[in-house]
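Novice: Data file start-v4.pdb (PDB, C-alpha atoms and all ligand atoms) is appended below.
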ATOM      1  CA  MET A   1     104.001  81.859 106.111  1.00  0.00           C
ATOM      2  CA  GLY A   2     105.377  84.479 108.453  1.00  0.00           C
ATOM      3  CA  GLY A   3     106.221  88.115 108.817  1.00  0.00           C
ATOM      4  CA  THR A   4     104.020  91.153 108.849  1.00  0.00           C
ATOM      5  CA  TRP A   5     103.201  93.771 106.262  1.00  0.00           C
ATOM      6  CA  ASN A   6     104.455  97.152 107.187  1.00  0.00           C
ATOM      7  CA  THR A   7     101.891  99.722 106.147  1.00  0.00           C
ATOM      8  CA  ALA A   8     100.012 102.555 107.760  1.00  0.00           C
ATOM      9  CA  ARG A   9      97.273  99.995 108.305  1.00  0.00           C
ATOM     10  CA  SER A  10      99.523  97.189 109.435  1.00  0.00           C
ATOM     11  CA  PHE A  11      99.332  95.365 112.717  1.00  0.00           C
ATOM     12  CA  ARG A  12     100.729  92.230 114.180  1.00  0.00           C
ATOM     13  CA  VAL A  13      99.408  88.984 112.848  1.00  0.00           C
ATOM     14  CA  ASP A  14      98.994  86.506 115.642  1.00  0.00           C
ATOM     15  CA  THR A  15      95.597  85.040 114.906  1.00  0.00           C
ATOM     16  CA  LYS A  16      94.111  83.643 111.758  1.00  0.00           C
ATOM     17  CA  GLU A  17      91.456  86.374 111.785  1.00  0.00           C
ATOM     18  CA  ALA A  18      94.145  89.037 112.030  1.00  0.00           C
ATOM     19  CA  ALA A  19      96.026  87.464 109.144  1.00  0.00           C
ATOM     20  CA  LEU A  20      92.916  87.424 106.984  1.00  0.00           C
ATOM     21  CA  ALA A  21      92.060  91.018 107.913  1.00  0.00           C
ATOM     22  CA  LEU A  22      95.589  92.080 107.097  1.00  0.00           C
ATOM     23  CA  GLU A  23      95.507  90.339 103.729  1.00  0.00           C
ATOM     24  CA  ALA A  24      92.238  92.127 103.023  1.00  0.00           C
ATOM     25  CA  SER A  25      93.646  95.473 104.100  1.00  0.00           C
ATOM     26  CA  VAL A  26      96.593  95.189 101.745  1.00  0.00           C
ATOM     27  CA  SER A  27      94.634  93.766  98.825  1.00  0.00           C
ATOM     28  CA  GLY A  28      94.945  96.027  95.849  1.00  0.00           C
ATOM     29  CA  CYS A  29      98.105  97.586  97.214  1.00  0.00           C
ATOM     30  CA  PRO A  30     101.256  95.887  95.945  1.00  0.00           C
ATOM     31  CA  ARG A  31     103.144  93.823  98.505  1.00  0.00           C
ATOM     32  CA  VAL A  32     106.879  94.283  98.308  1.00  0.00           C
ATOM     33  CA  LEU A  33     109.387  92.049 100.042  1.00  0.00           C
ATOM     34  CA  VAL A  34     112.583  93.971 100.803  1.00  0.00           C
ATOM     35  CA  VAL A  35     115.433  91.470 101.123  1.00  0.00           C
ATOM     36  CA  GLU A  36     118.234  93.583 102.558  1.00  0.00           C
ATOM     37  CA  ASP A  37     120.525  93.047 105.548  1.00  0.00           C
ATOM     38  CA  ASP A  38     121.511  96.714 105.878  1.00  0.00           C
ATOM     39  CA  ALA A  39     118.824  98.031 108.234  1.00  0.00           C
ATOM     40  CA  GLY A  40     119.402 101.651 107.173  1.00  0.00           C
ATOM     41  CA  ILE A  41     118.788 100.875 103.512  1.00  0.00           C
ATOM     42  CA  ALA A  42     115.831  98.626 104.336  1.00  0.00           C
ATOM     43  CA  ASP A  43     114.218 101.354 106.465  1.00  0.00           C
ATOM     44  CA  ALA A  44     114.649 103.969 103.739  1.00  0.00           C
ATOM     45  CA  VAL A  45     113.087 101.653 101.147  1.00  0.00           C
ATOM     46  CA  VAL A  46     110.175 100.749 103.446  1.00  0.00           C
ATOM     47  CA  TYR A  47     109.547 104.430 104.152  1.00  0.00           C
ATOM     48  CA  ALA A  48     109.478 105.251 100.424  1.00  0.00           C
ATOM     49  CA  LEU A  49     107.179 102.306  99.695  1.00  0.00           C
ATOM     50  CA  ASP A  50     104.830 103.266 102.493  1.00  0.00           C
ATOM     51  CA  ARG A  51     104.612 106.846 101.238  1.00  0.00           C
ATOM     52  CA  ASP A  52     103.736 105.472  97.824  1.00  0.00           C
ATOM     53  CA  GLY A  53     100.928 103.310  99.201  1.00  0.00           C
ATOM     54  CA  MET A  54     102.704  99.981  98.928  1.00  0.00           C
ATOM     55  CA  ALA A  55     102.949  97.371 101.670  1.00  0.00           C
ATOM     56  CA  ALA A  56     106.451  96.317 102.635  1.00  0.00           C
ATOM     57  CA  GLN A  57     107.963  93.457 104.530  1.00  0.00           C
ATOM     58  CA  VAL A  58     111.676  93.212 105.337  1.00  0.00           C
ATOM     59  CA  ALA A  59     113.772  90.053 105.294  1.00  0.00           C
ATOM     60  CA  GLY A  60     117.370  90.373 106.443  1.00  0.00           C
ATOM     61  CA  SER A  61     118.564  86.999 105.228  1.00  0.00           C
ATOM     62  CA  VAL A  62     117.919  84.198 102.755  1.00  0.00           C
ATOM     63  CA  GLU A  63     116.157  82.218 105.484  1.00  0.00           C
ATOM     64  CA  GLN A  64     113.893  85.129 106.445  1.00  0.00           C
ATOM     65  CA  ALA A  65     113.019  85.692 102.796  1.00  0.00           C
ATOM     66  CA  ARG A  66     112.027  82.042 102.456  1.00  0.00           C
ATOM     67  CA  ALA A  67     109.757  82.411 105.509  1.00  0.00           C
ATOM     68  CA  SER A  68     108.064  85.588 104.286  1.00  0.00           C
ATOM     69  CA  ALA A  69     104.411  85.920 103.397  1.00  0.00           C
ATOM     70  CA  ALA A  70     103.380  85.945  99.740  1.00  0.00           C
ATOM     71  CA  PHE A  71     104.450  89.049  97.839  1.00  0.00           C
ATOM     72  CA  ASP A  72     104.090  90.653  94.423  1.00  0.00           C
ATOM     73  CA  LEU A  73     107.608  91.985  93.997  1.00  0.00           C
ATOM     74  CA  ALA A  74     110.914  91.538  95.773  1.00  0.00           C
ATOM     75  CA  VAL A  75     113.686  94.088  96.091  1.00  0.00           C
ATOM     76  CA  LEU A  76     116.671  91.789  96.398  1.00  0.00           C
ATOM     77  CA  ASP A  77     120.121  92.552  97.751  1.00  0.00           C
ATOM     78  CA  LEU A  78     122.634  90.023  96.418  1.00  0.00           C
ATOM     79  CA  GLY A  79     124.995  89.945  99.394  1.00  0.00           C
ATOM     80  CA  LEU A  80     123.138  88.449 102.353  1.00  0.00           C
ATOM     81  CA  PRO A  81     124.611  87.162 105.614  1.00  0.00           C
ATOM     82  CA  ASP A  82     123.591  83.549 105.049  1.00  0.00           C
ATOM     83  CA  GLY A  83     123.993  83.288 101.303  1.00  0.00           C
ATOM     84  CA  SER A  84     123.541  84.936  97.935  1.00  0.00           C
ATOM     85  CA  GLY A  85     120.470  86.654  96.572  1.00  0.00           C
ATOM     86  CA  TYR A  86     120.992  84.568  93.442  1.00  0.00           C
ATOM     87  CA  THR A  87     119.875  81.502  95.404  1.00  0.00           C
ATOM     88  CA  LEU A  88     116.526  83.150  96.113  1.00  0.00           C
ATOM     89  CA  LEU A  89     116.238  84.374  92.539  1.00  0.00           C
ATOM     90  CA  GLY A  90     116.667  80.793  91.333  1.00  0.00           C
ATOM     91  CA  GLU A  91     114.088  79.470  93.779  1.00  0.00           C
ATOM     92  CA  TRP A  92     111.511  82.122  92.872  1.00  0.00           C
ATOM     93  CA  ARG A  93     112.089  81.569  89.202  1.00  0.00           C
ATOM     94  CA  ALA A  94     111.431  77.861  89.630  1.00  0.00           C
ATOM     95  CA  SER A  95     108.277  78.496  91.675  1.00  0.00           C
ATOM     96  CA  GLY A  96     104.884  78.671  90.026  1.00  0.00           C
ATOM     97  CA  ASP A  97     104.280  82.241  91.155  1.00  0.00           C
ATOM     98  CA  ARG A  98     107.400  83.820  89.643  1.00  0.00           C
ATOM     99  CA  PRO A  99     107.254  87.089  91.576  1.00  0.00           C
ATOM    100  CA  ALA A 100     108.710  90.212  90.012  1.00  0.00           C
ATOM    101  CA  VAL A 101     112.239  90.940  91.245  1.00  0.00           C
ATOM    102  CA  ILE A 102     114.387  94.056  91.259  1.00  0.00           C
ATOM    103  CA  VAL A 103     117.989  93.330  92.200  1.00  0.00           C
ATOM    104  CA  LEU A 104     120.102  95.818  94.137  1.00  0.00           C
ATOM    105  CA  THR A 105     123.671  95.681  92.908  1.00  0.00           C
ATOM    106  CA  SER A 106     126.870  97.309  94.082  1.00  0.00           C
ATOM    107  CA  ARG A 107     128.170 100.405  92.336  1.00  0.00           C
ATOM    108  CA  ASP A 108     130.614  98.637  90.050  1.00  0.00           C
ATOM    109  CA  GLY A 109     128.607  95.481  89.728  1.00  0.00           C
ATOM    110  CA  GLU A 110     128.196  95.453  85.968  1.00  0.00           C
ATOM    111  CA  VAL A 111     128.651  91.696  86.019  1.00  0.00           C
ATOM    112  CA  ASP A 112     125.938  91.428  88.664  1.00  0.00           C
ATOM    113  CA  CYS A 113     123.548  93.532  86.573  1.00  0.00           C
ATOM    114  CA  VAL A 114     123.849  91.246  83.568  1.00  0.00           C
ATOM    115  CA  ALA A 115     123.900  88.068  85.642  1.00  0.00           C
ATOM    116  CA  SER A 116     120.825  89.057  87.612  1.00  0.00           C
ATOM    117  CA  LEU A 117     118.823  89.795  84.470  1.00  0.00           C
ATOM    118  CA  GLU A 118     119.943  86.486  83.008  1.00  0.00           C
ATOM    119  CA  ALA A 119     118.922  84.798  86.251  1.00  0.00           C
ATOM    120  CA  GLY A 120     115.401  86.121  85.802  1.00  0.00           C
ATOM    121  CA  ALA A 121     115.310  89.513  87.535  1.00  0.00           C
ATOM    122  CA  ASP A 122     112.989  92.097  85.967  1.00  0.00           C
ATOM    123  CA  ASP A 123     115.303  95.021  86.607  1.00  0.00           C
ATOM    124  CA  PHE A 124     118.303  96.068  88.653  1.00  0.00           C
ATOM    125  CA  VAL A 125     119.191  99.216  90.549  1.00  0.00           C
ATOM    126  CA  PRO A 126     122.821 100.012  91.372  1.00  0.00           C
ATOM    127  CA  LYS A 127     123.722 101.100  94.911  1.00  0.00           C
ATOM    128  CA  PRO A 128     123.728 103.754  96.144  1.00  0.00           C
ATOM    129  CA  PHE A 129     120.256 104.622  94.935  1.00  0.00           C
ATOM    130  CA  SER A 130     117.495 107.024  95.770  1.00  0.00           C
ATOM    131  CA  PRO A 131     114.554 105.205  97.388  1.00  0.00           C
ATOM    132  CA  ARG A 132     112.141 107.334  95.354  1.00  0.00           C
ATOM    133  CA  ALA A 133     113.831 106.290  92.118  1.00  0.00           C
ATOM    134  CA  LEU A 134     113.629 102.678  93.266  1.00  0.00           C
ATOM    135  CA  VAL A 135     109.899 103.058  93.920  1.00  0.00           C
ATOM    136  CA  ALA A 136     109.456 104.455  90.398  1.00  0.00           C
ATOM    137  CA  ARG A 137     111.246 101.374  88.999  1.00  0.00           C
ATOM    138  CA  ILE A 138     109.031  99.128  91.150  1.00  0.00           C
ATOM    139  CA  ARG A 139     105.928 100.822  89.753  1.00  0.00           C
ATOM    140  CA  ALA A 140     107.227 100.372  86.202  1.00  0.00           C
ATOM    141  CA  VAL A 141     107.898  96.662  86.709  1.00  0.00           C
ATOM    142  CA  LEU A 142     104.480  96.128  88.305  1.00  0.00           C
ATOM    143  CA  ARG A 143     102.810  97.981  85.409  1.00  0.00           C
ATOM    144  CA  ARG A 144     104.579  95.755  82.903  1.00  0.00           C
ATOM    145  CA  ARG A 145     103.530  92.695  84.869  1.00  0.00           C
ATOM    146  CA  ALA A 146      99.941  93.903  85.094  1.00  0.00           C
ATOM    147  CA  ALA A 147      99.571  94.165  81.329  1.00  0.00           C
ATOM    148  CA  PRO A 148      98.398  90.633  80.573  1.00  0.00           C
ATOM    149  CA  GLY A 149      96.889  91.947  77.347  1.00  0.00           C
ATOM    150  CA  VAL A 150     100.244  91.792  75.666  1.00  0.00           C
ATOM    151  CA  LEU A 151     100.861  88.296  76.949  1.00  0.00           C
ATOM    152  CA  ALA A 152      97.394  87.125  76.107  1.00  0.00           C
ATOM    153  CA  ARG A 153      97.597  88.417  72.581  1.00  0.00           C
ATOM    154  CA  ALA A 154     100.939  86.751  72.124  1.00  0.00           C
ATOM    155  CA  GLY A 155     100.026  83.496  73.782  1.00  0.00           C
ATOM    156  CA  ALA A 156      96.319  82.991  73.168  1.00  0.00           C
ATOM    157  CA  PRO A 157      95.887  79.758  71.280  1.00  0.00           C
ATOM    158  CA  GLY A 158      94.422  79.463  67.787  1.00  0.00           C
ATOM    159  CA  PRO A 159      90.882  80.721  67.400  1.00  0.00           C
ATOM    160  CA  LEU A 160      90.851  82.721  70.617  1.00  0.00           C
ATOM    161  CA  HIS A 161      91.473  86.449  70.257  1.00  0.00           C
ATOM    162  CA  LEU A 162      91.576  88.723  73.255  1.00  0.00           C
ATOM    163  CA  ASP A 163      91.808  92.473  73.097  1.00  0.00           C
ATOM    164  CA  LEU A 164      92.194  93.723  76.629  1.00  0.00           C
ATOM    165  CA  ASP A 165      92.326  97.370  75.588  1.00  0.00           C
ATOM    166  CA  ARG A 166      88.889  97.118  74.046  1.00  0.00           C
ATOM    167  CA  ARG A 167      87.850  94.450  76.558  1.00  0.00           C
ATOM    168  CA  THR A 168      86.649  92.051  73.888  1.00  0.00           C
ATOM    169  CA  ALA A 169      87.065  88.332  73.336  1.00  0.00           C
ATOM    170  CA  VAL A 170      86.356  86.457  70.125  1.00  0.00           C
ATOM    171  CA  TYR A 171      86.365  82.705  69.623  1.00  0.00           C
ATOM    172  CA  ASP A 172      86.551  81.430  66.072  1.00  0.00           C
ATOM    173  CA  GLY A 173      85.133  84.701  64.770  1.00  0.00           C
ATOM    174  CA  ARG A 174      82.272  84.699  67.298  1.00  0.00           C
ATOM    175  CA  PRO A 175      82.276  87.492  69.874  1.00  0.00           C
ATOM    176  CA  LEU A 176      81.990  86.251  73.456  1.00  0.00           C
ATOM    177  CA  GLU A 177      79.740  88.158  75.840  1.00  0.00           C
ATOM    178  CA  LEU A 178      81.925  87.961  78.931  1.00  0.00           C
ATOM    179  CA  THR A 179      81.667  89.646  82.279  1.00  0.00           C
ATOM    180  CA  ARG A 180      84.649  91.640  83.493  1.00  0.00           C
ATOM    181  CA  ILE A 181      85.747  88.768  85.742  1.00  0.00           C
ATOM    182  CA  GLU A 182      85.307  86.167  83.008  1.00  0.00           C
ATOM    183  CA  LEU A 183      87.414  88.192  80.599  1.00  0.00           C
ATOM    184  CA  ASP A 184      90.154  88.661  83.197  1.00  0.00           C
ATOM    185  CA  LEU A 185      90.030  84.982  84.049  1.00  0.00           C
ATOM    186  CA  LEU A 186      90.349  84.023  80.406  1.00  0.00           C
ATOM    187  CA  ALA A 187      93.219  86.481  79.921  1.00  0.00           C
ATOM    188  CA  VAL A 188      95.113  85.054  82.890  1.00  0.00           C
ATOM    189  CA  LEU A 189      94.650  81.491  81.627  1.00  0.00           C
ATOM    190  CA  ALA A 190      95.507  82.501  78.068  1.00  0.00           C
ATOM    191  CA  ALA A 191      98.715  84.153  79.208  1.00  0.00           C
ATOM    192  CA  ALA A 192     100.050  80.716  80.096  1.00  0.00           C
ATOM    193  CA  PRO A 193      98.485  78.153  77.763  1.00  0.00           C
ATOM    194  CA  GLY A 194      99.094  74.588  78.877  1.00  0.00           C
ATOM    195  CA  ARG A 195     100.183  75.657  82.337  1.00  0.00           C
ATOM    196  CA  VAL A 196      98.112  74.663  85.324  1.00  0.00           C
ATOM    197  CA  LEU A 197      97.097  77.587  87.524  1.00  0.00           C
ATOM    198  CA  THR A 198      95.878  76.869  91.019  1.00  0.00           C
ATOM    199  CA  ARG A 199      92.661  78.419  92.276  1.00  0.00           C
ATOM    200  CA  GLU A 200      94.783  80.466  94.646  1.00  0.00           C
ATOM    201  CA  GLN A 201      96.876  81.838  91.759  1.00  0.00           C
ATOM    202  CA  LEU A 202      93.722  82.665  89.821  1.00  0.00           C
ATOM    203  CA  VAL A 203      92.270  84.506  92.804  1.00  0.00           C
ATOM    204  CA  THR A 204      95.478  86.497  93.187  1.00  0.00           C
ATOM    205  CA  ARG A 205      95.727  87.415  89.536  1.00  0.00           C
ATOM    206  CA  VAL A 206      92.078  88.017  88.745  1.00  0.00           C
ATOM    207  CA  TRP A 207      90.758  89.434  91.988  1.00  0.00           C
ATOM    208  CA  GLY A 208      93.985  90.834  93.401  1.00  0.00           C
ATOM    209  CA  GLY A 209      94.075  88.223  96.172  1.00  0.00           C
ATOM    210  CA  ARG A 210      90.944  89.305  98.002  1.00  0.00           C
ATOM    211  CA  VAL A 211      90.307  86.663 100.631  1.00  0.00           C
ATOM    212  CA  ALA A 212      86.524  86.800 100.371  1.00  0.00           C
ATOM    213  CA  MET A 213      86.886  84.776  97.163  1.00  0.00           C
ATOM    214  CA  THR A 214      86.224  81.097  97.746  1.00  0.00           C
ATOM    215  CA  GLU A 215      87.225  78.173  95.558  1.00  0.00           C
ATOM    216  CA  ARG A 216      83.580  77.665  94.741  1.00  0.00           C
ATOM    217  CA  ASN A 217      83.421  81.258  93.441  1.00  0.00           C
ATOM    218  CA  VAL A 218      86.317  80.530  91.117  1.00  0.00           C
ATOM    219  CA  ASP A 219      84.684  77.333  89.925  1.00  0.00           C
ATOM    220  CA  SER A 220      81.406  79.053  89.153  1.00  0.00           C
ATOM    221  CA  HIS A 221      83.133  81.727  87.065  1.00  0.00           C
ATOM    222  CA  VAL A 222      85.109  79.047  85.215  1.00  0.00           C
ATOM    223  CA  LYS A 223      81.879  77.137  84.609  1.00  0.00           C
ATOM    224  CA  ALA A 224      80.173  80.195  83.119  1.00  0.00           C
ATOM    225  CA  LEU A 225      83.218  80.971  80.981  1.00  0.00           C
ATOM    226  CA  ARG A 226      83.341  77.387  79.735  1.00  0.00           C
ATOM    227  CA  ARG A 227      79.681  77.473  78.774  1.00  0.00           C
ATOM    228  CA  LYS A 228      80.146  80.668  76.752  1.00  0.00           C
ATOM    229  CA  LEU A 229      83.221  79.259  75.039  1.00  0.00           C
ATOM    230  CA  SER A 230      81.486  76.011  74.178  1.00  0.00           C
ATOM    231  CA  GLU A 231      78.505  77.937  72.766  1.00  0.00           C
ATOM    232  CA  ALA A 232      81.035  79.598  70.468  1.00  0.00           C
ATOM    233  CA  GLY A 233      82.300  76.187  69.381  1.00  0.00           C
ATOM    234  CA  ALA A 234      85.180  75.445  71.758  1.00  0.00           C
ATOM    235  CA  ARG A 235      85.627  71.993  73.235  1.00  0.00           C
ATOM    236  CA  THR A 236      84.537  71.739  76.862  1.00  0.00           C
ATOM    237  CA  THR A 237      88.113  70.754  77.698  1.00  0.00           C
ATOM    238  CA  PHE A 238      89.475  74.023  76.254  1.00  0.00           C
ATOM    239  CA  ILE A 239      89.604  75.113  79.883  1.00  0.00           C
ATOM    240  CA  ALA A 240      90.603  71.847  81.505  1.00  0.00           C
ATOM    241  CA  SER A 241      90.173  71.042  85.190  1.00  0.00           C
ATOM    242  CA  VAL A 242      93.212  69.478  86.763  1.00  0.00           C
ATOM    243  CA  ARG A 243      91.863  67.486  89.685  1.00  0.00           C
ATOM    244  CA  GLY A 244      92.985  68.758  93.047  1.00  0.00           C
ATOM    245  CA  VAL A 245      95.085  71.524  91.513  1.00  0.00           C
ATOM    246  CA  GLY A 246      93.273  74.037  89.353  1.00  0.00           C
ATOM    247  CA  PHE A 247      92.726  74.865  85.712  1.00  0.00           C
ATOM    248  CA  LYS A 248      94.643  75.249  82.491  1.00  0.00           C
ATOM    249  CA  LEU A 249      93.863  76.519  79.048  1.00  0.00           C
ATOM    250  CA  SER A 250      94.482  73.863  76.425  1.00  0.00           C
ATOM    251  CA  GLU A 251      97.277  74.669  73.992  1.00  0.00           C
ATOM    252  CA  THR A 252      95.315  73.019  71.206  1.00  0.00           C
ATOM    253  CA  PRO A 253      91.735  74.273  71.189  1.00  0.00           C
TER
HETATM  254 CA    CA B 301     124.076  93.184 101.775  1.00  0.00          CA
END
Represent the supplied structure as structure tokens.

Specialist:
Amino acid sequence: MGGTWNTARSFRVDTKEAALALEASVSGCPRVLVVEDDAGIADAVVYALDRDGMAAQVAGSVEQARASAAFDLAVLDLGLPDGSGYTLLGEWRASGDRPAVIVLTSRDGEVDCVASLEAGADDFVPKPFSPRALVARIRAVLRRRAAPGVLARAGAPGPLHLDLDRRTAVYDGRPLELTRIELDLLAVLAAAPGRVLTREQLVTRVWGGRVAMTERNVDSHVKALRRKLSEAGARTTFIASVRGVGFKLSETP
């Protein structure tokens, strides 16, 4: 972990307390990693992000990007002094978190546009670009990412039906009386059936990464959710604990 978040509320992180306070101060506001070696472009992007209420952190190289703090979305220049943006794209894609990525491509880089989407980018923006237009694209990608309802409906296994627009959950025809957190938790798990999510990932996705959330908090919400599911007829292992790691929703209820 390294780097600082550049926001109106940002400050240097040199103690653990400062790091926690900073994380808290940026919670709820999207954290964007700007991987760009051209300082002029990076500054313009950071300025536009800041004006739009997003937190930005700049990395000028592949190595700096690897050392950055956790982020929600990366703006990724492909040509970096110590390597290619594609390397980072591949690494992020292979990581459990799979951050959203918008690739910056050169003016005539049609090949790069296609290749970056195939490599897992969410969108691309050709250079030169207007920082405000880039911010609009960032917002659009984050909105798409934040719509787990679509994912949950597509991926929810068998008897589980989630409707995140109406905020309802039904198991095997029986409505579940879930709290807001329990429904979000179930939606996040149901978006990736069979995949283990760490407590940290659950905190980030359900609570927006607020640091006040402890592992025990997560466990107690999972416990309550499990009880309600089992009352509706689900096996207790429908939400399985993976020792030392986290939880997963069984693919076969
Ligand atoms: Ca470059």

Novice: Calculated over all atoms listed in the file, which of the candidates A:Ala39, A:Leu186, A:Val62, A:Val206 has the smallest distance to Ile239 of chain A?

Specialist: A:Leu186

Novice: Kindly work out which residues sit at most 7 Å from ligand CA 301 (chain B), using only C-alpha atoms and all ligand atoms, and give the list as an MDAnalysis selection string.

Specialist: chainID A and resid 36:38 77:80

Novice: Please tell me which residues are no farther than 9 Å from (81.7, 83.2, 86.7) in the file, counting only C-alpha atoms, and write them as a list in words.

Specialist: Thr179, Ile181, Glu182, Leu185, Asn217, Val218, Asp219, Ser220, His221, Val222, Lys223, Ala224 and Leu225 of chain A

Novice: Which is closest to Asp97 of chain A among A:Val125, A:Val188, A:Ala70, A:Ala133, if we use all atoms listed in the file?

Specialist: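 Using all atoms listed in the file, Asp97 of chain A sits closest to A:Ala70.
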
Novice: So, with only C-alpha atoms as the atoms that count, which of A:Phe247, A:Leu164, A:Gly120, A:Ala191 lies closest to Val203 of chain A?

Specialist: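 The closest residue to Val203 of chain A is A:Phe247.
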